[in-house]
>>> print(open('my_file-v8.cif').read())   # mmCIF, C-alpha atoms and all ligand atoms
data_my_file
#
loop_
_atom_site.group_PDB
_atom_site.id
_atom_site.type_symbol
_atom_site.label_atom_id
_atom_site.label_comp_id
_atom_site.auth_asym_id
_atom_site.auth_seq_id
_atom_site.Cartn_x
_atom_site.Cartn_y
_atom_site.Cartn_z
ATOM 1 C CA MET R 1 31.355 11.068 -1.259
ATOM 2 C CA THR R 2 30.588 7.734 -2.905
ATOM 3 C CA ARG R 3 26.844 7.334 -3.140
ATOM 4 C CA LYS R 4 25.540 3.948 -2.025
ATOM 5 C CA TYR R 5 22.560 1.993 -3.371
ATOM 6 C CA ASN R 6 19.959 0.485 -1.068
ATOM 7 C CA PHE R 7 18.267 -2.545 -2.615
ATOM 8 C CA SER R 8 16.105 -3.516 0.356
ATOM 9 C CA ALA R 9 12.339 -3.852 0.109
ATOM 10 C CA GLY R 10 11.550 -0.482 1.690
ATOM 11 C CA PRO R 11 13.088 2.885 0.807
ATOM 12 C CA ALA R 12 15.223 2.790 -2.334
ATOM 13 C CA ALA R 13 17.820 4.877 -4.167
ATOM 14 C CA LEU R 14 16.802 8.218 -5.686
ATOM 15 C CA PRO R 15 18.525 10.063 -8.548
ATOM 16 C CA ASP R 16 21.052 12.702 -7.423
ATOM 17 C CA GLU R 17 19.150 15.503 -9.192
ATOM 18 C CA VAL R 18 15.997 14.680 -7.243
ATOM 19 C CA LEU R 19 17.844 14.778 -3.917
ATOM 20 C CA GLN R 20 19.582 18.024 -4.825
ATOM 21 C CA GLN R 21 16.308 19.677 -5.805
ATOM 22 C CA ALA R 22 14.699 18.514 -2.549
ATOM 23 C CA GLN R 23 17.682 19.890 -0.624
ATOM 24 C CA ARG R 24 17.398 23.292 -2.364
ATOM 25 C CA ASP R 25 13.623 23.448 -1.996
ATOM 26 C CA LEU R 26 13.779 22.544 1.674
ATOM 27 C CA CYS R 27 15.200 25.922 2.642
ATOM 28 C CA ASP R 28 13.683 28.054 -0.091
ATOM 29 C CA TRP R 29 10.770 26.722 -2.112
ATOM 30 C CA GLN R 30 10.781 28.397 -5.547
ATOM 31 C CA GLY R 31 12.201 31.642 -4.205
ATOM 32 C CA LYS R 32 9.480 32.104 -1.561
ATOM 33 C CA GLY R 33 12.038 32.339 1.261
ATOM 34 C CA LEU R 34 10.680 29.373 3.210
ATOM 35 C CA SER R 35 10.115 25.670 2.748
ATOM 36 C CA ILE R 36 6.875 24.058 1.613
ATOM 37 C CA MET R 37 6.640 22.435 5.068
ATOM 38 C CA GLU R 38 6.498 25.853 6.698
ATOM 39 C CA MET R 39 3.671 27.228 4.534
ATOM 40 C CA SER R 40 -0.029 27.066 5.182
ATOM 41 C CA HIS R 41 -1.552 23.913 3.772
ATOM 42 C CA ARG R 42 -4.261 26.196 2.335
ATOM 43 C CA SER R 43 -1.821 28.445 0.483
ATOM 44 C CA ASP R 44 -1.865 28.458 -3.328
ATOM 45 C CA GLU R 45 1.713 27.163 -3.289
ATOM 46 C CA PHE R 46 0.967 24.125 -1.144
ATOM 47 C CA VAL R 47 -2.300 23.357 -2.926
ATOM 48 C CA SER R 48 -0.495 23.417 -6.280
ATOM 49 C CA VAL R 49 2.143 20.951 -4.989
ATOM 50 C CA ALA R 50 -0.577 18.605 -3.702
ATOM 51 C CA GLN R 51 -2.532 18.837 -6.969
ATOM 52 C CA GLN R 52 0.582 18.218 -9.042
ATOM 53 C CA ALA R 53 1.477 15.170 -6.897
ATOM 54 C CA GLU R 54 -1.968 13.695 -7.504
ATOM 55 C CA GLN R 55 -1.853 14.478 -11.214
ATOM 56 C CA ASP R 56 1.606 12.899 -11.578
ATOM 57 C CA LEU R 57 0.421 9.771 -9.762
ATOM 58 C CA ARG R 58 -2.668 9.538 -11.961
ATOM 59 C CA GLU R 59 -0.536 9.810 -15.099
ATOM 60 C CA LEU R 60 2.159 7.378 -13.939
ATOM 61 C CA MET R 61 -0.380 4.762 -12.888
ATOM 62 C CA SER R 62 -3.077 5.531 -15.487
ATOM 63 C CA ILE R 63 -5.647 5.960 -12.713
ATOM 64 C CA PRO R 64 -9.089 6.545 -14.253
ATOM 65 C CA ASP R 65 -10.987 9.730 -13.305
ATOM 66 C CA HIS R 66 -13.734 7.814 -11.511
ATOM 67 C CA TYR R 67 -11.192 6.653 -8.886
ATOM 68 C CA LYS R 68 -10.291 8.899 -5.969
ATOM 69 C CA VAL R 69 -6.680 9.199 -4.800
ATOM 70 C CA LEU R 70 -6.255 9.523 -1.035
ATOM 71 C CA PHE R 71 -2.973 10.582 0.552
ATOM 72 C CA LEU R 72 -3.245 9.253 4.104
ATOM 73 C CA GLN R 73 -1.106 9.553 7.188
ATOM 74 C CA GLY R 74 -0.120 6.624 9.385
ATOM 75 C CA GLY R 75 1.694 4.391 6.928
ATOM 76 C CA ALA R 76 0.586 0.935 5.908
ATOM 77 C CA SER R 77 0.185 -0.191 9.533
ATOM 78 C CA SER R 78 -2.668 2.230 10.183
ATOM 79 C CA GLN R 79 -4.518 0.602 7.281
ATOM 80 C CA PHE R 80 -4.614 -2.668 9.202
ATOM 81 C CA ALA R 81 -7.289 -1.008 11.388
ATOM 82 C CA MET R 82 -8.713 1.414 8.820
ATOM 83 C CA LEU R 83 -9.553 -1.448 6.500
ATOM 84 C CA PRO R 84 -12.028 -3.308 8.758
ATOM 85 C CA MET R 85 -13.336 0.012 10.109
ATOM 86 C CA ASN R 86 -14.235 1.187 6.605
ATOM 87 C CA LEU R 87 -14.901 -1.904 4.562
ATOM 88 C CA LEU R 88 -16.877 -4.208 6.851
ATOM 89 C CA ARG R 89 -19.958 -2.047 6.260
ATOM 90 C CA GLY R 90 -22.252 -4.043 8.543
ATOM 91 C CA LYS R 91 -20.700 -7.433 7.842
ATOM 92 C CA GLN R 92 -19.052 -9.458 10.618
ATOM 93 C CA THR R 93 -16.484 -11.487 8.680
ATOM 94 C CA ALA R 94 -13.445 -10.799 6.535
ATOM 95 C CA ASP R 95 -11.178 -13.182 4.610
ATOM 96 C CA TYR R 96 -7.449 -13.039 5.281
ATOM 97 C CA ILE R 97 -4.538 -14.911 3.711
ATOM 98 C CA ASN R 98 -1.674 -15.532 6.109
ATOM 99 C CA THR R 99 1.743 -15.533 4.456
ATOM 100 C CA GLY R 100 3.922 -14.217 7.294
ATOM 101 C CA ILE R 101 4.701 -11.278 9.542
ATOM 102 C CA TRP R 102 2.722 -8.526 7.812
ATOM 103 C CA SER R 103 -0.300 -10.769 7.289
ATOM 104 C CA LYS R 104 -0.235 -11.694 10.974
ATOM 105 C CA LYS R 105 -0.200 -8.037 11.984
ATOM 106 C CA ALA R 106 -3.151 -7.350 9.662
ATOM 107 C CA ILE R 107 -5.051 -10.349 11.049
ATOM 108 C CA ALA R 108 -4.365 -9.380 14.682
ATOM 109 C CA GLU R 109 -5.734 -5.888 14.085
ATOM 110 C CA ALA R 110 -8.783 -7.048 12.103
ATOM 111 C CA SER R 111 -9.624 -9.581 14.845
ATOM 112 C CA ARG R 112 -10.475 -6.620 17.076
ATOM 113 C CA TYR R 113 -13.299 -5.630 14.715
ATOM 114 C CA CYS R 114 -14.590 -8.826 13.102
ATOM 115 C CA THR R 115 -14.311 -12.574 12.716
ATOM 116 C CA VAL R 116 -11.291 -13.340 10.587
ATOM 117 C CA ASN R 117 -11.750 -16.258 8.212
ATOM 118 C CA LEU R 118 -8.334 -17.693 7.411
ATOM 119 C CA ALA R 119 -8.876 -18.129 3.679
ATOM 120 C CA ALA R 120 -5.397 -19.633 3.249
ATOM 121 C CA SER R 121 -2.200 -19.966 5.246
ATOM 122 C CA THR R 122 1.267 -21.187 4.427
ATOM 123 C CA ALA R 123 2.287 -21.448 8.099
ATOM 124 C CA ALA R 124 2.771 -25.218 7.685
ATOM 125 C CA ASP R 125 5.505 -24.419 5.135
ATOM 126 C CA ASP R 126 7.123 -21.914 7.456
ATOM 127 C CA PHE R 127 5.807 -19.075 5.248
ATOM 128 C CA ARG R 128 8.223 -19.898 2.450
ATOM 129 C CA ARG R 129 5.638 -19.557 -0.316
ATOM 130 C CA ALA R 130 2.355 -17.911 -1.293
ATOM 131 C CA PRO R 131 -0.707 -20.158 -1.543
ATOM 132 C CA ALA R 132 -1.816 -21.349 -4.970
ATOM 133 C CA PRO R 133 -5.187 -19.948 -6.161
ATOM 134 C CA ASN R 134 -6.921 -23.292 -5.522
ATOM 135 C CA GLU R 135 -5.837 -23.252 -1.856
ATOM 136 C CA ILE R 136 -7.816 -20.088 -1.120
ATOM 137 C CA GLN R 137 -11.152 -20.795 0.568
ATOM 138 C CA LEU R 138 -13.277 -17.666 0.636
ATOM 139 C CA SER R 139 -16.143 -17.222 3.079
ATOM 140 C CA PRO R 140 -19.479 -16.296 1.467
ATOM 141 C CA GLU R 141 -20.035 -13.964 4.455
ATOM 142 C CA ALA R 142 -16.797 -12.010 4.025
ATOM 143 C CA ALA R 143 -16.827 -8.284 3.319
ATOM 144 C CA TYR R 144 -13.414 -8.389 1.638
ATOM 145 C CA LEU R 145 -10.250 -10.412 1.124
ATOM 146 C CA HIS R 146 -6.964 -9.113 2.488
ATOM 147 C CA TYR R 147 -3.634 -10.481 1.268
ATOM 148 C CA THR R 148 -0.064 -9.237 1.486
ATOM 149 C CA SER R 149 1.144 -9.179 -2.106
ATOM 150 C CA ASN R 150 4.758 -9.019 -0.932
ATOM 151 C CA GLU R 151 5.815 -10.174 2.528
ATOM 152 C CA THR R 152 8.818 -7.884 2.589
ATOM 153 C CA ILE R 153 10.366 -9.418 5.708
ATOM 154 C CA GLY R 154 9.949 -13.099 4.755
ATOM 155 C CA GLY R 155 10.547 -12.424 1.060
ATOM 156 C CA VAL R 156 7.357 -14.079 -0.208
ATOM 157 C CA GLU R 157 5.628 -12.502 -3.180
ATOM 158 C CA PHE R 158 2.365 -13.392 -4.929
ATOM 159 C CA ASN R 159 2.853 -13.720 -8.689
ATOM 160 C CA TYR R 160 -0.881 -13.340 -9.280
ATOM 161 C CA ILE R 161 -3.790 -11.281 -7.983
ATOM 162 C CA PRO R 162 -6.401 -13.399 -6.164
ATOM 163 C CA ILE R 163 -9.690 -12.921 -7.968
ATOM 164 C CA VAL R 164 -12.637 -12.183 -5.703
ATOM 165 C CA ALA R 165 -16.142 -11.107 -6.594
ATOM 166 C CA LEU R 166 -16.479 -8.592 -3.769
ATOM 167 C CA CYS R 167 -13.582 -6.516 -2.592
ATOM 168 C CA LEU R 168 -9.833 -7.058 -2.603
ATOM 169 C CA TRP R 169 -7.310 -5.288 -0.414
ATOM 170 C CA SER R 170 -3.565 -5.591 -0.534
ATOM 171 C CA SER R 171 -0.617 -3.779 0.984
ATOM 172 C CA ILE R 172 1.473 -2.830 -2.070
ATOM 173 C CA CYS R 173 3.098 0.401 -0.945
ATOM 174 C CA HIS R 174 6.619 -1.005 -1.377
ATOM 175 C CA ARG R 175 6.024 -2.222 -4.946
ATOM 176 C CA ILE R 176 3.246 -0.009 -6.208
ATOM 177 C CA PHE R 177 5.062 1.129 -9.358
ATOM 178 C CA SER R 178 6.279 -2.355 -10.210
ATOM 179 C CA LEU R 179 2.671 -3.492 -10.556
ATOM 180 C CA LEU R 180 1.543 -1.054 -13.229
ATOM 181 C CA PRO R 181 0.328 -3.590 -15.833
ATOM 182 C CA TRP R 182 -1.677 -5.416 -13.158
ATOM 183 C CA MET R 183 -2.970 -2.203 -11.669
ATOM 184 C CA SER R 184 -4.370 -0.938 -14.947
ATOM 185 C CA ALA R 185 -6.148 -4.276 -15.512
ATOM 186 C CA VAL R 186 -7.684 -4.131 -12.006
ATOM 187 C CA LEU R 187 -8.653 -0.437 -12.175
ATOM 188 C CA GLU R 188 -10.629 -0.707 -15.414
HETATM 189 C C1 LIG X 201 4.078 -5.496 3.286
HETATM 190 C C2 LIG X 201 4.143 -4.434 4.307
HETATM 191 N N1 LIG X 201 3.016 -4.150 5.009
HETATM 192 C C3 LIG X 201 3.042 -3.190 5.964
HETATM 193 C C4 LIG X 201 4.181 -2.474 6.247
HETATM 194 C C5 LIG X 201 4.139 -1.419 7.338
HETATM 195 O O1 LIG X 201 4.321 -0.176 6.791
HETATM 196 P P1 LIG X 201 4.488 1.130 7.724
HETATM 197 O O2 LIG X 201 5.877 1.048 8.259
HETATM 198 O O3 LIG X 201 4.282 2.258 6.751
HETATM 199 O O4 LIG X 201 3.457 1.088 8.783
HETATM 200 C C6 LIG X 201 5.346 -2.723 5.552
HETATM 201 C C7 LIG X 201 6.574 -1.943 5.857
HETATM 202 O O5 LIG X 201 7.662 -2.238 5.538
HETATM 203 C C8 LIG X 201 5.346 -3.728 4.554
HETATM 204 O O6 LIG X 201 6.461 -4.016 3.867
#
>>> encode(input="my_file-v8.cif", output="structure tokens", more="lines below")
Ligand SMILES: Cc1ncc(COP(=O)(O)O)c(C=O)c1O
Amino acid sequence: MTRKYNFSAGPAALPDEVLQQAQRDLCDWQGKGLSIMEMSHRSDEFVSVAQQAEQDLRELMSIPDHYKVLFLQGGASSQFAMLPMNLLRGKQTADYINTGIWSKKAIAEASRYCTVNLAASTAADDFRRAPAPNEIQLSPEAAYLHYTSNETIGGVEFNYIPIVALCLWSSICHRIFSLLPWMSAVLE
């Protein structure tokens, strides 16, 4: 078989050795006679896999100890609702930057929980660019600013992190490891 490479914005190519190890482990995890998905999530084996995954992530991304790492179900879309539910904290307004399809989905969901202040939008340019920093108009009432650092469908990417005094939220799941220098500056 000739292996193909997927260069799209979502799932990407993995090294052969990684796939082969996953294939082996799927039927028999480290000689236990069953897969990790069939074991109790409280077993020593599963707990050690989860701990190792967190440790590896912390090392790869240089995540400081005073930050928690949460592995959550529901994909990025569930965060469109989780974000206002968790970060409004009594406030009624949130800032959103609209750069295309994913921003619109985030805005539609947040509108169910709060007043969305459109801090910037590039709709007039058919979402072909990200706004410049001086186009962003933050609301003093806002609990946080949400922006989509990479609109993976429209192909629009921010080449900077908007600076806000309060709280910044961005969907970066598809490019998380390409942002390491920025991440370490933000996490300090
Ligand atoms: C920027 C962005 N936000 C949100 C999503 C939605 O992610 P999920 O499919 O995990 O809900 C995607 C998925 O491709 C995305 O690229």
>>> closest_residue(input="my_file-v8.cif", among="R:Arg89, R:Lys4, R:Lys68, R:His146", to="ligand LIG 201 (chain X)", atoms="all atoms listed in the file")
R:His146
>>> resolve_selection(input="my_file-v8.cif", expression="the PyMOL selection byres (((not hetatm)) within 7 of (chain X and resi 201))", output="PyMOL selection string")
chain R and resi 9-10+74-78+102+148+150-153+171-172+174
>>> closest_residue(input="my_file-v8.cif", among="R:Ile101, R:Leu168, R:Val47, R:Ala22", to="Ser35 of chain R", atoms="all atoms listed in the file")
R:Ala22
>>> atom_distance(input="my_file-v8.cif", atom1="atom CA of Glu141 of chain R", atom2="atom CA of Lys91 of chain R")
7.4 Å
>>> residues_around(input="my_file-v8.cif", residues="Phe71 of chain R", least_positions_apart="3", cutoff="10 Å", atoms="all atoms listed in the file", output="number ranges by chain")
R: 50, 53-54, 68
>>> resolve_selection(input="my_file-v8.cif", expression="the PyMOL selection byres (((chain R and resi 111) around 12) and not hetatm)", output="PDB file with C-alpha atoms, in the coordinates of the input")
ATOM      1  CA  PHE R  80      -4.614  -2.668   9.202  1.00  0.00           C
ATOM      2  CA  ALA R  81      -7.289  -1.008  11.388  1.00  0.00           C
ATOM      3  CA  LEU R  83      -9.553  -1.448   6.500  1.00  0.00           C
ATOM      4  CA  PRO R  84     -12.028  -3.308   8.758  1.00  0.00           C
ATOM      5  CA  MET R  85     -13.336   0.012  10.109  1.00  0.00           C
ATOM      6  CA  GLN R  92     -19.052  -9.458  10.618  1.00  0.00           C
ATOM      7  CA  THR R  93     -16.484 -11.487   8.680  1.00  0.00           C
ATOM      8  CA  ALA R  94     -13.445 -10.799   6.535  1.00  0.00           C
ATOM      9  CA  ASP R  95     -11.178 -13.182   4.610  1.00  0.00           C
ATOM     10  CA  TYR R  96      -7.449 -13.039   5.281  1.00  0.00           C
ATOM     11  CA  LYS R 104      -0.235 -11.694  10.974  1.00  0.00           C
ATOM     12  CA  LYS R 105      -0.200  -8.037  11.984  1.00  0.00           C
ATOM     13  CA  ALA R 106      -3.151  -7.350   9.662  1.00  0.00           C
ATOM     14  CA  ILE R 107      -5.051 -10.349  11.049  1.00  0.00           C
ATOM     15  CA  ALA R 108      -4.365  -9.380  14.682  1.00  0.00           C
ATOM     16  CA  GLU R 109      -5.734  -5.888  14.085  1.00  0.00           C
ATOM     17  CA  ALA R 110      -8.783  -7.048  12.103  1.00  0.00           C
ATOM     18  CA  ARG R 112     -10.475  -6.620  17.076  1.00  0.00           C
ATOM     19  CA  TYR R 113     -13.299  -5.630  14.715  1.00  0.00           C
ATOM     20  CA  CYS R 114     -14.590  -8.826  13.102  1.00  0.00           C
ATOM     21  CA  THR R 115     -14.311 -12.574  12.716  1.00  0.00           C
ATOM     22  CA  VAL R 116     -11.291 -13.340  10.587  1.00  0.00           C
ATOM     23  CA  ASN R 117     -11.750 -16.258   8.212  1.00  0.00           C
ATOM     24  CA  LEU R 118      -8.334 -17.693   7.411  1.00  0.00           C
TER      25      LEU R 118
END
>>> axis_aligned_box(input="my_file-v8.cif", around="segment 121-133 of chain R", padding_each_side="5 Å", output="JSON")
{"center_x": 1.5, "center_y": -21.6, "center_z": 1.0, "size_x": 23.4, "size_y": 17.3, "size_z": 24.3}
>>> resolve_selection(input="my_file-v8.cif", expression="the PyMOL selection byres (((chain R and resi 56-58) around 12) and not hetatm)", output="MDAnalysis selection string")
chainID R and resid 48:55 59:71 176:177 180 183:184 187
>>> atom_distance(input="my_file-v8.cif", atom1="atom CA of Ala13 of chain R", atom2="atom CA of Gly154 of chain R")
21.6 Å
>>> residues_around(input="my_file-v8.cif", residues="Ala124 of chain R", least_positions_apart="4", cutoff="12 Å", atoms="all atoms listed in the file", output="list in words")
Asn98, Thr99, Gly100, Ala120, Arg128, Arg129, Ala130 and Pro131 of chain R
>>> write_last_selection(input="my_file-v8.cif", atoms="C-alpha atoms", output="short mmCIF file (atom, residue, chain, number, x, y, z; two decimals), keeping the file's coordinate frame")
data_model
loop_
_atom_site.label_atom_id
_atom_site.label_comp_id
_atom_site.auth_asym_id
_atom_site.auth_seq_id
_atom_site.Cartn_x
_atom_site.Cartn_y
_atom_site.Cartn_z
CA ASN R 98 -1.67 -15.53 6.11
CA THR R 99 1.74 -15.53 4.46
CA GLY R 100 3.92 -14.22 7.29
CA ALA R 120 -5.40 -19.63 3.25
CA ARG R 128 8.22 -19.90 2.45
CA ARG R 129 5.64 -19.56 -0.32
CA ALA R 130 2.36 -17.91 -1.29
CA PRO R 131 -0.71 -20.16 -1.54
#
>>> atom_distance(input="my_file-v8.cif", atom1="atom CA of Pro162 of chain R", atom2="atom CA of Gln137 of chain R")
11.1 Å
>>> residues_around(input="my_file-v8.cif", residues="segment 1-3 of chain R", least_positions_apart="3", cutoff="12 Å", atoms="all atoms listed in the file", output="list in words")
Asn6, Ala13, Leu14, Pro15, Asp16 and Leu19 of chain R
>>> closest_residue(input="my_file-v8.cif", among="R:Leu26, R:Ile161, R:Cys167, R:Leu145", to="Pro133 of chain R", atoms="all atoms listed in the file")
R:Ile161
